[in-house]
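Listing of final_4.txt; format and content: compact mmCIF, C-alpha atoms.
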# COMPACT_ATOMS: atom_id res chain seq x y z
CA MET W 1 -19.86 -1.28 -81.24
CA THR W 2 -19.52 -5.05 -80.75
CA SER W 3 -21.14 -6.75 -77.77
CA THR W 4 -19.23 -8.58 -75.07
CA THR W 5 -20.37 -11.91 -76.49
CA GLU W 6 -19.26 -10.99 -80.00
CA GLN W 7 -15.84 -9.93 -78.76
CA PHE W 8 -15.22 -13.45 -77.50
CA ALA W 9 -17.09 -15.35 -80.21
CA ASP W 10 -13.95 -16.22 -82.17
CA VAL W 11 -13.01 -19.82 -81.37
CA SER W 12 -9.42 -19.39 -82.55
CA ALA W 13 -6.62 -18.27 -80.27
CA THR W 14 -8.82 -16.17 -77.98
CA THR W 15 -10.76 -18.92 -76.23
CA LEU W 16 -9.70 -20.62 -73.03
CA LEU W 17 -10.55 -24.19 -72.04
CA ARG W 18 -10.15 -25.32 -68.45
CA PHE W 19 -10.02 -29.10 -68.17
CA ALA W 20 -9.15 -31.69 -65.56
CA THR W 21 -7.75 -35.20 -65.90
CA ALA W 22 -8.81 -37.98 -63.55
CA GLY W 23 -8.48 -41.73 -63.30
CA SER W 24 -7.28 -44.53 -61.08
CA VAL W 25 -3.65 -45.04 -60.06
CA ASP W 26 -1.36 -45.96 -62.97
CA ASP W 27 -4.01 -45.30 -65.60
CA GLY W 28 -1.56 -42.87 -67.20
CA LYS W 29 -2.96 -39.42 -66.42
CA SER W 30 0.39 -37.71 -66.00
CA THR W 31 1.80 -39.47 -69.07
CA LEU W 32 -1.17 -38.27 -71.13
CA VAL W 33 -0.68 -34.69 -69.96
CA GLY W 34 3.05 -34.94 -70.58
CA ARG W 35 2.38 -36.28 -74.07
CA LEU W 36 0.00 -33.39 -74.76
CA LEU W 37 2.60 -30.87 -73.62
CA HIS W 38 5.44 -32.55 -75.48
CA ASP W 39 3.73 -33.25 -78.79
CA SER W 40 2.09 -29.81 -78.90
CA LYS W 41 5.59 -28.31 -78.43
CA SER W 42 4.64 -26.64 -75.16
CA VAL W 43 7.68 -27.83 -73.19
CA LEU W 44 10.64 -25.56 -72.55
CA THR W 45 14.10 -26.89 -73.33
CA ASP W 46 15.29 -26.78 -69.71
CA GLN W 47 12.14 -28.61 -68.57
CA MET W 48 12.76 -31.39 -71.07
CA GLU W 49 16.42 -31.60 -70.10
CA ALA W 50 15.42 -32.01 -66.44
CA VAL W 51 12.98 -34.79 -67.33
CA GLU W 52 15.61 -36.56 -69.43
CA ALA W 53 18.11 -36.33 -66.56
CA VAL W 54 15.72 -37.81 -63.98
CA SER W 55 14.66 -40.54 -66.42
CA ALA W 56 18.29 -41.44 -67.07
CA GLN W 57 18.96 -41.66 -63.32
CA ARG W 58 16.15 -44.20 -63.10
CA GLY W 59 17.70 -46.24 -65.90
CA GLN W 60 14.91 -45.49 -68.39
CA ASP W 61 15.80 -45.48 -72.07
CA ALA W 62 13.24 -42.82 -73.05
CA PRO W 63 12.15 -39.66 -71.20
CA ASP W 64 9.30 -40.26 -68.75
CA LEU W 65 6.82 -37.60 -69.89
CA ALA W 66 4.79 -38.02 -66.67
CA LEU W 67 7.53 -36.06 -64.89
CA LEU W 68 6.43 -32.93 -66.76
CA THR W 69 3.43 -32.76 -64.41
CA ASP W 70 4.53 -34.72 -61.33
CA GLY W 71 6.35 -31.85 -59.66
CA LEU W 72 6.52 -32.93 -56.03
CA ARG W 73 9.59 -34.87 -54.93
CA ALA W 74 7.40 -37.50 -53.24
CA GLU W 75 5.45 -37.94 -56.46
CA ARG W 76 8.57 -38.43 -58.56
CA GLU W 77 10.00 -40.93 -56.11
CA GLN W 78 6.78 -42.97 -55.95
CA GLY W 79 5.79 -42.52 -59.58
CA ILE W 80 2.31 -41.34 -58.62
CA THR W 81 0.40 -38.06 -58.54
CA ILE W 82 -0.51 -36.77 -55.08
CA ASP W 83 -1.34 -33.09 -55.52
CA VAL W 84 -3.29 -31.31 -58.25
CA ALA W 85 -0.74 -30.19 -60.85
CA TYR W 86 -1.86 -27.15 -62.83
CA ARG W 87 -0.30 -26.48 -66.22
CA TYR W 88 -0.83 -23.87 -68.90
CA PHE W 89 -0.25 -24.44 -72.60
CA ALA W 90 -1.57 -23.15 -75.89
CA THR W 91 -1.95 -24.14 -79.52
CA ALA W 92 -2.76 -22.02 -82.54
CA ARG W 93 -6.46 -22.63 -81.91
CA ARG W 94 -6.97 -22.36 -78.15
CA ARG W 95 -5.41 -21.71 -74.75
CA PHE W 96 -5.60 -24.34 -72.01
CA ILE W 97 -5.41 -24.57 -68.23
CA LEU W 98 -5.27 -28.20 -67.13
CA ALA W 99 -5.48 -29.78 -63.71
CA ASP W 100 -3.89 -33.22 -63.39
CA THR W 101 -5.65 -34.74 -60.38
CA PRO W 102 -4.61 -37.72 -58.23
CA GLY W 103 -5.78 -41.27 -58.77
CA HIS W 104 -5.59 -42.71 -55.24
CA VAL W 105 -8.97 -43.07 -53.54
CA GLN W 106 -7.80 -41.04 -50.54
CA TYR W 107 -7.00 -38.12 -52.87
CA THR W 108 -10.35 -38.08 -54.68
CA ARG W 109 -11.03 -34.85 -52.79
CA ASN W 110 -8.37 -33.21 -54.98
CA MET W 111 -10.47 -33.92 -58.05
CA VAL W 112 -13.20 -31.73 -56.56
CA THR W 113 -10.66 -28.90 -56.50
CA GLY W 114 -9.46 -29.53 -60.04
CA ALA W 115 -12.89 -30.04 -61.62
CA SER W 116 -14.79 -27.30 -59.78
CA THR W 117 -13.95 -24.73 -62.46
CA ALA W 118 -13.44 -27.13 -65.38
CA ASP W 119 -15.34 -26.98 -68.66
CA LEU W 120 -14.26 -30.54 -69.49
CA ALA W 121 -13.06 -33.61 -67.61
CA VAL W 122 -10.85 -36.31 -69.12
CA VAL W 123 -11.47 -39.60 -67.29
CA LEU W 124 -8.81 -42.20 -68.04
CA VAL W 125 -9.42 -45.94 -67.94
CA ASP W 126 -6.79 -48.66 -68.27
CA ALA W 127 -7.95 -50.79 -71.21
CA ARG W 128 -6.84 -53.91 -69.30
CA ASN W 129 -8.97 -53.15 -66.25
CA GLY W 130 -12.02 -51.43 -67.69
CA VAL W 131 -14.46 -49.38 -65.61
CA ILE W 132 -13.70 -49.74 -61.89
CA GLU W 133 -15.10 -48.10 -58.74
CA GLN W 134 -12.69 -45.17 -58.93
CA THR W 135 -13.81 -44.56 -62.53
CA ARG W 136 -17.41 -44.39 -61.35
CA ARG W 137 -16.43 -42.10 -58.50
CA HIS W 138 -14.74 -39.68 -60.89
CA ALA W 139 -17.75 -39.75 -63.20
CA ALA W 140 -20.02 -38.98 -60.24
CA VAL W 141 -17.85 -36.04 -59.13
CA ALA W 142 -17.83 -34.65 -62.67
CA ALA W 143 -21.62 -34.96 -62.84
CA LEU W 144 -22.14 -33.36 -59.44
CA LEU W 145 -19.91 -30.44 -60.36
CA ARG W 146 -21.92 -30.02 -63.61
CA VAL W 147 -18.85 -30.35 -65.82
CA PRO W 148 -20.49 -29.95 -69.25
CA HIS W 149 -18.16 -32.21 -71.27
CA VAL W 150 -16.58 -35.55 -70.30
CA VAL W 151 -13.98 -37.40 -72.37
CA LEU W 152 -13.44 -41.10 -71.72
CA ALA W 153 -9.83 -41.80 -72.68
CA VAL W 154 -9.34 -45.57 -72.87
CA ASN W 155 -5.58 -45.72 -72.34
CA LYS W 156 -2.94 -48.42 -72.86
CA MET W 157 -4.63 -49.74 -75.99
CA ASP W 158 -1.18 -50.96 -77.07
CA LEU W 159 -1.29 -53.48 -74.20
CA VAL W 160 -4.52 -55.08 -75.48
CA GLY W 161 -3.44 -55.30 -79.09
CA TYR W 162 -5.41 -52.22 -80.14
CA GLN W 163 -8.59 -54.33 -80.17
CA GLU W 164 -11.74 -52.44 -81.12
CA SER W 165 -13.93 -54.84 -79.10
CA VAL W 166 -12.11 -53.97 -75.85
CA PHE W 167 -12.58 -50.26 -76.45
CA ALA W 168 -16.23 -50.64 -77.47
CA ALA W 169 -17.16 -52.63 -74.35
CA ILE W 170 -15.54 -50.10 -72.00
CA ALA W 171 -17.05 -47.13 -73.85
CA GLU W 172 -20.53 -48.66 -73.72
CA GLU W 173 -20.35 -49.39 -69.99
CA PHE W 174 -19.01 -45.97 -69.05
CA THR W 175 -21.40 -44.07 -71.33
CA ALA W 176 -24.41 -45.85 -69.85
CA TYR W 177 -23.25 -45.08 -66.31
CA ALA W 178 -22.38 -41.42 -66.98
CA SER W 179 -25.62 -40.89 -68.89
CA ASP W 180 -27.60 -42.12 -65.90
CA LEU W 181 -25.76 -39.48 -63.86
CA GLY W 182 -26.96 -36.85 -66.32
CA VAL W 183 -23.62 -36.02 -67.93
CA PRO W 184 -24.71 -34.04 -71.01
CA GLU W 185 -21.90 -35.00 -73.41
CA ILE W 186 -19.57 -38.00 -73.40
CA THR W 187 -16.83 -38.58 -75.98
CA ALA W 188 -14.85 -41.85 -75.96
CA ILE W 189 -11.35 -41.93 -77.49
CA PRO W 190 -8.98 -44.96 -77.63
CA ILE W 191 -5.41 -43.89 -76.88
CA SER W 192 -1.93 -44.93 -75.86
CA ALA W 193 -0.40 -42.05 -73.95
CA LEU W 194 2.98 -43.77 -73.81
CA ALA W 195 3.16 -44.39 -77.56
CA GLY W 196 1.27 -41.23 -78.52
CA ASP W 197 -1.64 -42.96 -80.30
CA ASN W 198 -4.61 -40.59 -80.76
CA VAL W 199 -3.27 -38.05 -78.27
CA VAL W 200 -2.00 -35.35 -80.62
CA GLU W 201 -1.46 -37.42 -83.77
CA ALA W 202 -3.92 -39.93 -85.20
CA SER W 203 -2.97 -43.55 -84.60
CA ALA W 204 -1.88 -45.81 -87.44
CA ASN W 205 -2.67 -48.80 -85.23
CA MET W 206 -6.41 -48.15 -84.88
CA ASP W 207 -7.76 -47.57 -88.37
CA TRP W 208 -11.16 -48.69 -87.08
CA TYR W 209 -11.44 -45.42 -85.10
CA GLY W 210 -12.56 -42.41 -87.10
CA GLY W 211 -13.05 -39.83 -84.36
CA PRO W 212 -10.85 -36.95 -83.21
CA THR W 213 -7.62 -37.20 -81.26
CA VAL W 214 -7.61 -35.91 -77.69
CA LEU W 215 -6.04 -32.60 -78.72
CA GLU W 216 -8.41 -32.16 -81.68
CA HIS W 217 -11.37 -32.59 -79.36
CA LEU W 218 -9.91 -30.20 -76.79
CA GLU W 219 -9.37 -27.61 -79.51
CA THR W 220 -12.85 -27.85 -80.99
CA VAL W 221 -15.24 -28.65 -78.14
CA PRO W 222 -17.63 -25.71 -77.69
CA VAL W 223 -17.19 -23.81 -74.43
CA SER W 224 -19.08 -20.82 -73.11
CA HIS W 225 -17.77 -18.38 -70.54
CA ASP W 226 -20.66 -15.97 -70.97
CA LEU W 227 -21.50 -15.35 -67.33
CA THR W 228 -23.37 -12.25 -68.41
CA ALA W 229 -26.41 -14.34 -69.35
CA CYS W 230 -27.00 -15.24 -65.69
CA PRO W 231 -28.70 -12.95 -63.13
CA ALA W 232 -26.28 -10.45 -61.65
CA ARG W 233 -24.66 -11.35 -58.33
CA PHE W 234 -22.12 -9.15 -56.53
CA PRO W 235 -20.64 -10.53 -53.28
CA VAL W 236 -19.15 -7.65 -51.30
CA GLN W 237 -15.53 -8.29 -50.44
CA TYR W 238 -14.44 -4.99 -48.93
CA VAL W 239 -15.96 -1.64 -47.96
CA ILE W 240 -13.89 1.34 -49.10
CA ARG W 241 -14.14 4.51 -47.00
CA PRO W 242 -11.03 6.71 -47.45
CA GLN W 243 -12.41 9.56 -45.30
CA SER W 244 -9.73 11.77 -46.79
CA ALA W 245 -9.83 15.46 -47.68
CA GLU W 246 -10.17 14.54 -51.34
CA HIS W 247 -12.91 11.92 -50.75
CA PRO W 248 -14.57 12.81 -47.43
CA ASP W 249 -17.89 11.07 -48.15
CA TYR W 250 -16.79 8.26 -50.48
CA ARG W 251 -18.34 4.89 -49.66
CA GLY W 252 -17.74 2.07 -52.12
CA TYR W 253 -18.33 -1.66 -52.06
CA ALA W 254 -15.54 -3.61 -53.74
CA GLY W 255 -15.64 -7.15 -55.07
CA GLN W 256 -15.80 -9.35 -58.15
CA ILE W 257 -19.03 -9.68 -60.11
CA ALA W 258 -19.86 -13.39 -59.87
CA SER W 259 -22.36 -13.35 -62.73
CA GLY W 260 -24.50 -11.08 -64.86
CA VAL W 261 -24.32 -7.39 -65.73
CA LEU W 262 -24.68 -4.33 -63.47
CA ARG W 263 -25.61 -0.86 -64.73
CA VAL W 264 -25.66 2.62 -63.23
CA GLY W 265 -29.23 3.56 -62.32
CA GLU W 266 -30.29 -0.04 -61.70
CA ALA W 267 -32.40 -0.82 -58.63
CA VAL W 268 -30.64 -3.34 -56.38
CA THR W 269 -31.33 -5.27 -53.20
CA VAL W 270 -28.75 -5.93 -50.50
CA LEU W 271 -28.98 -9.39 -48.96
CA PRO W 272 -29.58 -10.74 -46.40
CA SER W 273 -30.97 -7.43 -44.99
CA GLY W 274 -33.34 -6.90 -47.90
CA ARG W 275 -32.64 -3.14 -48.05
CA THR W 276 -32.95 -1.56 -51.49
CA SER W 277 -31.14 1.21 -53.30
CA VAL W 278 -29.96 2.31 -56.74
CA ILE W 279 -26.47 1.98 -58.26
CA GLU W 280 -25.18 5.54 -58.33
CA GLY W 281 -21.75 4.75 -59.78
CA ILE W 282 -19.41 1.97 -60.83
CA ASP W 283 -15.63 2.38 -60.53
CA ALA W 284 -13.39 0.04 -62.52
CA LEU W 285 -9.60 0.37 -62.73
CA GLY W 286 -9.76 3.89 -61.33
CA GLU W 287 -12.36 5.14 -63.77
CA SER W 288 -16.13 5.57 -63.62
CA VAL W 289 -18.09 3.36 -66.01
CA ASP W 290 -21.78 2.96 -66.78
CA ILE W 291 -21.81 -0.82 -67.06
CA ALA W 292 -19.79 -3.76 -65.70
CA TRP W 293 -20.07 -7.51 -66.13
CA ALA W 294 -18.74 -10.79 -64.74
CA PRO W 295 -15.97 -11.54 -63.89
CA GLN W 296 -14.80 -7.93 -63.57
CA SER W 297 -13.61 -6.62 -60.21
CA VAL W 298 -15.27 -3.28 -59.52
CA THR W 299 -16.43 -0.91 -56.79
CA LEU W 300 -20.13 -0.07 -56.55
CA ARG W 301 -21.47 3.20 -55.15
CA LEU W 302 -25.10 3.25 -54.03
CA ALA W 303 -27.47 6.20 -53.76
CA ASP W 304 -28.37 5.43 -50.13
CA ASP W 305 -26.24 4.95 -47.03
CA ILE W 306 -26.97 1.35 -46.07
CA ASP W 307 -25.24 -0.81 -43.51
CA ILE W 308 -23.30 -3.12 -45.85
CA SER W 309 -20.29 -5.23 -44.94
CA ARG W 310 -18.16 -8.05 -46.28
CA GLY W 311 -20.28 -11.08 -47.06
CA ASP W 312 -23.39 -9.18 -48.13
CA LEU W 313 -24.69 -9.81 -51.64
CA ILE W 314 -25.89 -7.07 -54.00
CA ALA W 315 -28.30 -8.19 -56.72
CA PRO W 316 -30.83 -6.56 -59.07
CA SER W 317 -34.13 -6.16 -57.26
CA ALA W 318 -35.96 -7.68 -60.25
CA ASN W 319 -34.32 -11.10 -59.81
CA ALA W 320 -32.69 -11.20 -56.39
CA PRO W 321 -32.24 -14.69 -54.89
CA ALA W 322 -34.26 -15.83 -51.91
CA THR W 323 -32.50 -16.13 -48.57
CA THR W 324 -32.66 -19.22 -46.41
CA GLN W 325 -31.31 -20.64 -43.16
CA ASP W 326 -32.06 -24.23 -44.17
CA VAL W 327 -29.59 -25.36 -46.82
CA GLU W 328 -30.35 -28.62 -48.65
CA ALA W 329 -27.43 -29.77 -50.74
CA THR W 330 -25.22 -32.55 -52.01
CA VAL W 331 -21.70 -32.60 -50.59
CA CYS W 332 -18.43 -34.31 -51.40
CA HIS W 333 -16.77 -35.01 -48.06
CA VAL W 334 -13.07 -34.25 -48.33
CA ALA W 335 -11.74 -34.35 -44.75
CA ASP W 336 -10.23 -37.28 -42.86
CA GLN W 337 -12.57 -36.79 -39.88
CA PRO W 338 -16.21 -37.84 -40.44
CA LEU W 339 -19.04 -35.36 -40.85
CA ALA W 340 -21.81 -36.40 -38.43
CA VAL W 341 -25.34 -35.26 -37.68
CA GLY W 342 -25.19 -32.53 -35.06
CA ALA W 343 -21.74 -31.31 -36.10
CA ARG W 344 -21.10 -27.60 -35.61
CA VAL W 345 -19.49 -26.15 -38.72
CA LEU W 346 -18.83 -22.94 -40.58
CA ILE W 347 -20.36 -22.54 -44.02
CA LYS W 348 -18.49 -20.32 -46.48
CA HIS W 349 -20.58 -19.03 -49.37
CA THR W 350 -18.87 -16.52 -51.70
CA THR W 351 -17.42 -13.92 -49.30
CA ARG W 352 -19.80 -14.76 -46.42
CA THR W 353 -18.96 -17.16 -43.57
CA VAL W 354 -21.58 -18.08 -40.96
CA LYS W 355 -22.01 -20.65 -38.20
CA ALA W 356 -24.16 -23.70 -38.91
CA ILE W 357 -25.25 -27.11 -37.61
CA VAL W 358 -25.64 -30.29 -39.65
CA LYS W 359 -29.27 -31.18 -38.95
CA GLU W 360 -29.65 -34.24 -41.18
CA ILE W 361 -27.70 -36.54 -43.49
CA PRO W 362 -30.63 -38.15 -45.36
CA SER W 363 -28.60 -40.34 -47.68
CA ARG W 364 -25.19 -41.44 -48.94
CA LEU W 365 -24.65 -42.30 -52.59
CA THR W 366 -23.65 -45.85 -53.51
CA LEU W 367 -21.51 -45.61 -56.63
CA ASP W 368 -21.98 -49.14 -57.90
CA ASP W 369 -25.65 -48.77 -58.80
CA LEU W 370 -26.35 -45.09 -58.04
CA SER W 371 -28.69 -46.06 -55.20
CA GLN W 372 -28.56 -44.33 -51.84
CA HIS W 373 -28.05 -45.61 -48.35
CA PRO W 374 -30.66 -43.81 -46.21
CA ASN W 375 -29.74 -42.05 -42.97
CA PRO W 376 -26.07 -43.11 -42.75
CA GLY W 377 -25.53 -40.89 -39.70
CA GLN W 378 -22.20 -39.61 -40.99
CA LEU W 379 -20.09 -39.16 -44.09
CA VAL W 380 -16.43 -40.20 -44.26
CA ALA W 381 -13.65 -39.14 -46.60
CA ASN W 382 -14.64 -39.25 -50.30
CA ASP W 383 -18.30 -39.97 -49.53
CA ILE W 384 -20.97 -38.21 -51.58
CA GLY W 385 -24.24 -37.56 -49.78
CA ARG W 386 -27.19 -35.29 -49.15
CA VAL W 387 -27.17 -32.97 -46.12
CA VAL W 388 -29.47 -30.46 -44.47
CA VAL W 389 -27.64 -27.62 -42.74
CA ARG W 390 -29.21 -24.98 -40.50
CA THR W 391 -27.33 -21.68 -40.57
CA ALA W 392 -27.19 -19.03 -37.84
CA GLU W 393 -27.78 -16.27 -40.41
CA PRO W 394 -29.61 -16.26 -43.76
CA LEU W 395 -27.69 -17.05 -46.96
CA ALA W 396 -28.56 -15.92 -50.48
CA LEU W 397 -27.92 -19.19 -52.30
CA ASP W 398 -28.71 -19.96 -55.92
CA ALA W 399 -29.20 -23.52 -57.10
CA TYR W 400 -25.88 -24.99 -58.21
CA ALA W 401 -27.52 -26.00 -61.49
CA ASP W 402 -28.10 -22.30 -62.19
CA SER W 403 -24.76 -20.96 -60.96
CA ARG W 404 -21.62 -22.90 -60.11
CA ARG W 405 -20.28 -19.81 -58.33
CA THR W 406 -23.18 -18.72 -56.11
CA GLY W 407 -24.65 -22.20 -55.74
CA SER W 408 -21.54 -23.71 -54.17
CA PHE W 409 -20.19 -23.52 -50.65
CA LEU W 410 -17.67 -25.06 -48.25
CA LEU W 411 -18.24 -26.65 -44.86
CA ILE W 412 -15.35 -25.79 -42.54
CA ASP W 413 -14.23 -27.06 -39.14
CA PRO W 414 -14.50 -24.02 -36.82
CA ALA W 415 -11.76 -25.39 -34.56
CA ASP W 416 -8.87 -25.43 -37.03
CA GLY W 417 -10.21 -24.12 -40.35
CA THR W 418 -10.02 -27.50 -42.11
CA THR W 419 -12.27 -27.84 -45.15
CA LEU W 420 -14.74 -30.64 -44.41
CA ALA W 421 -16.90 -30.79 -47.53
CA ALA W 422 -17.63 -29.08 -50.81
CA GLY W 423 -21.34 -28.47 -51.27
CA MET W 424 -23.69 -27.94 -54.21
CA ALA W 425 -27.04 -26.39 -53.29
CA GLY W 426 -30.30 -27.75 -54.67
CA GLU W 427 -30.74 -30.95 -56.66
CA SER W 428 -27.72 -33.17 -57.09
CA PHE W 429 -27.33 -34.67 -60.55
CA ALA W 430 -28.79 -33.40 -63.79
CA SER W 431 -32.35 -34.09 -64.93
CA LYS W 432 -31.70 -37.43 -66.65
CA ALA W 433 -30.39 -38.96 -63.44
CA GLU W 434 -33.37 -37.63 -61.52
CA THR W 435 -35.76 -39.48 -63.82
CA THR W 436 -33.86 -42.78 -63.98
CA VAL W 437 -32.95 -43.32 -60.32
CA GLN W 438 -35.63 -43.99 -57.75
CA ALA W 439 -36.05 -41.75 -54.71
CA ASP W 440 -35.59 -43.33 -51.33
CA GLU W 441 -38.24 -43.47 -48.64
CA GLU W 442 -37.20 -40.07 -47.31
CA GLY W 443 -37.98 -38.44 -50.66
CA TRP W 444 -34.43 -37.45 -51.65
CA ASP W 445 -33.49 -37.85 -55.30
CA PHE W 446 -30.06 -38.69 -56.65
Step by step, read the file and then write its structure as structure tokens.
Amino acid sequence: MTSTTEQFADVSATTLLRFATAGSVDDGKSTLVGRLLHDSKSVLTDQMEAVEAVSAQRGQDAPDLALLTDGLRAEREQGITIDVAYRYFATARRRFILADTPGHVQYTRNMVTGASTADLAVVLVDARNGVIEQTRRHAAVAALLRVPHVVLAVNKMDLVGYQESVFAAIAEEFTAYASDLGVPEITAIPISALAGDNVVEASANMDWYGGPTVLEHLETVPVSHDLTACPARFPVQYVIRPQSAEHPDYRGYAGQIASGVLRVGEAVTVLPSGRTSVIEGIDALGESVDIAWAPQSVTLRLADDIDISRGDLIAPSANAPATTQDVEATVCHVADQPLAVGARVLIKHTTRTVKAIVKEIPSRLTLDDLSQHPNPGQLVANDIGRVVVRTAEPLALDAYADSRRTGSFLLIDPADGTTLAAGMAGESFASKAETTVQADEEGWDF
């Protein structure tokens, strides 16, 4: 019998790559995505006809491929991307889910949404403008969210005469910056999304470039979705108690396994109470099974009657996470209203939501040189900073570096439910950044 890992080891048509595109306004993100969809023959006839019709109404000679992703009426009228546009397409080698994120500074928060589950981020740069602040901001968000692969797509090479020197200078600057952030892999590709150079087909105008096209890289970059290698984490979403004649004593705990593998007979700990028991049964799709793994949705039955409710976390006793009421994390502030010291918030971690107070904001990241401004007092929209939050009840948080699922959380306004910030528990950037950037006087590392 083949293992779970072996079943998904084939890199051909079975693998899925989630990737996000980001860049400043008018860098050509939507055009790049449209070119990918069009040249990989992933556009339906009626979609293409609609794009051609809108393009003709605007007086354009050729179809505007950006319209394949800019779906909102306001976006089409302004020629910009406002919301995150999700698209699915596939080639003979791989399936893709892409998130085309906005370029405006005030919509940087949307990139957090698009990149939070991404395996790869494509950061576009206009070859005429080079690396700008928004480019650095997108690189920082990708690094904070631990996106394992980053592609620098230097777009509009046709407008700079396809000069190798222009591409090389931009690639060198961006690679140095992203490396200091701890981005593990950076691939630079010179392209023209409008003309199609190095997007799906290799460019005849840049014979000095010998690397892959964007699509070739997307098809071949190694990705791993093996959540079973991580310690098991099971956030309880719902308690099932039919109390029927057929199932008078049935008590099951339903949810999705966030990571790892759970087995019948395994000793587990329920957090935050710390009570222990043994998995007596696992129900999946109406049948009893002996083993289940992430990201399956299952119902667990325990040997002991324990007070368990939505928001509790079930984990193997051998490697259960520690609980804490003092959360130290890096956050991307996404709301229009500032986040200030002393603010009363809700913190949502997996299926658990508890009250909390922002005790400290030790530093705010300065994107130009990766230094930090100590004790800013508050964070405003699109700021990235360190926070210390005191919760009313203990949380079972993992470090975000160990688990993107159980190491992340949201800060929410208790008055209206607005999301204030997306948080990553533990250290902020990867190890390389921690060794190259000096800590401030408060001892916080970026």
Show which residues sit within 10 Å of Ala195 of chain W, as a PyMOL selection string. Count all atoms listed in the file, and ignore same-chain residues fewer than 2 positions away. chain W and resi 31-32+35+156-158+191-193+197-199+203
Skipping near chain neighbours, those fewer than 6 positions away, what residues fall within 12 Å of Thr21 of chain W using all atoms listed in the file, listed as an MDAnalysis selection string? chainID W and resid 27:34 36 69 81 84:87 97:103 108 110:115 118:125 135 138:139 142 150:153 214
Atomic distance atom CA of Thr187 of chain W - atom CA of Ala425 of chain W, expressed in Å with one decimal: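 That distance, rounded to one decimal, is 27.7 Å.
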Can you tell me which residues surround Leu420 of chain W at a distance of at most 7 Å, considering all atoms listed in the file, apart from same-chain residues fewer than 5 positions away, and format the answer as a ChimeraX atom specification? /W:333-335,411-413
Identify which of the residues W:Gly286, W:Pro222, W:Gly342, W:Pro212 lies closest to Val389 of chain W, counting only C-alpha atoms when measuring atom-to-atom distances.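 Under the stated criterion, the closest residue is W:Gly342.
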Residue with the minimum atom-to-atom distance to Gly182 of chain W, picked from W:Ile347, W:Arg301, W:Arg146, W:Leu365 with only C-alpha atoms counted, is W:Arg146
Write out as a PDB file with C-alpha atoms, in the frame of the given file which residues come within 12 Å of Gly161 of chain W when counting only C-alpha atoms, dropping same-chain ones fewer than 2 positions away.
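Everything below was put into result_30.pdb:
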ATOM      1  CA  ALA W 127      -7.950 -50.790 -71.210  1.00  0.00           C
ATOM      2  CA  ARG W 128      -6.840 -53.910 -69.300  1.00  0.00           C
ATOM      3  CA  ASN W 155      -5.580 -45.720 -72.340  1.00  0.00           C
ATOM      4  CA  LYS W 156      -2.940 -48.420 -72.860  1.00  0.00           C
ATOM      5  CA  MET W 157      -4.630 -49.740 -75.990  1.00  0.00           C
ATOM      6  CA  ASP W 158      -1.180 -50.960 -77.070  1.00  0.00           C
ATOM      7  CA  LEU W 159      -1.290 -53.480 -74.200  1.00  0.00           C
ATOM      8  CA  GLN W 163      -8.590 -54.330 -80.170  1.00  0.00           C
ATOM      9  CA  GLU W 164     -11.740 -52.440 -81.120  1.00  0.00           C
ATOM     10  CA  SER W 165     -13.930 -54.840 -79.100  1.00  0.00           C
ATOM     11  CA  VAL W 166     -12.110 -53.970 -75.850  1.00  0.00           C
ATOM     12  CA  PHE W 167     -12.580 -50.260 -76.450  1.00  0.00           C
ATOM     13  CA  PRO W 190      -8.980 -44.960 -77.630  1.00  0.00           C
ATOM     14  CA  ILE W 191      -5.410 -43.890 -76.880  1.00  0.00           C
ATOM     15  CA  SER W 192      -1.930 -44.930 -75.860  1.00  0.00           C
ATOM     16  CA  ASN W 205      -2.670 -48.800 -85.230  1.00  0.00           C
ATOM     17  CA  MET W 206      -6.410 -48.150 -84.880  1.00  0.00           C
TER      18      MET W 206
END
Do you have the atom CA of Gly417 of chain W-atom CA of Asp336 of chain W distance handy? 13.4 Å
I'd like the contact shell of Thr324 of chain W - 6 Å cut-off, all atoms listed in the file, skipping same-chain residues fewer than 2 positions apart - returned as a list in words.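 My list of contacting residues is Asp326, Pro394 and Leu395 of chain W.
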Report, in Å to a single decimal, how far apart atom CA of Leu181 of chain W and atom CA of Asp369 of chain W are.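 So the two atoms, atom CA of Asp369 of chain W and atom CA of Leu181 of chain W, lie 10.6 Å apart.
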Nearest candidate to Thr276 of chain W (options W:Leu313, W:Ala381, W:Ile291, W:Val261; using all atoms listed in the file): W:Leu313
Among listed residues W:Leu300, W:Leu37, W:Ala329, W:Ala143, nearest Leu397 of chain W (using only C-alpha atoms): W:Ala329
Of the candidates W:Leu285, W:Ile170, W:Leu271, W:Ile357, which shows the shortest atom-to-atom distance to Gly130 of chain W, using only C-alpha atoms? W:Ile170
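Counting all atoms listed in the file and comparing W:Ser116, W:Gln243, W:Gln337, W:Thr330, the residue that lies closest to Val380 of chain W is W:Gln337.
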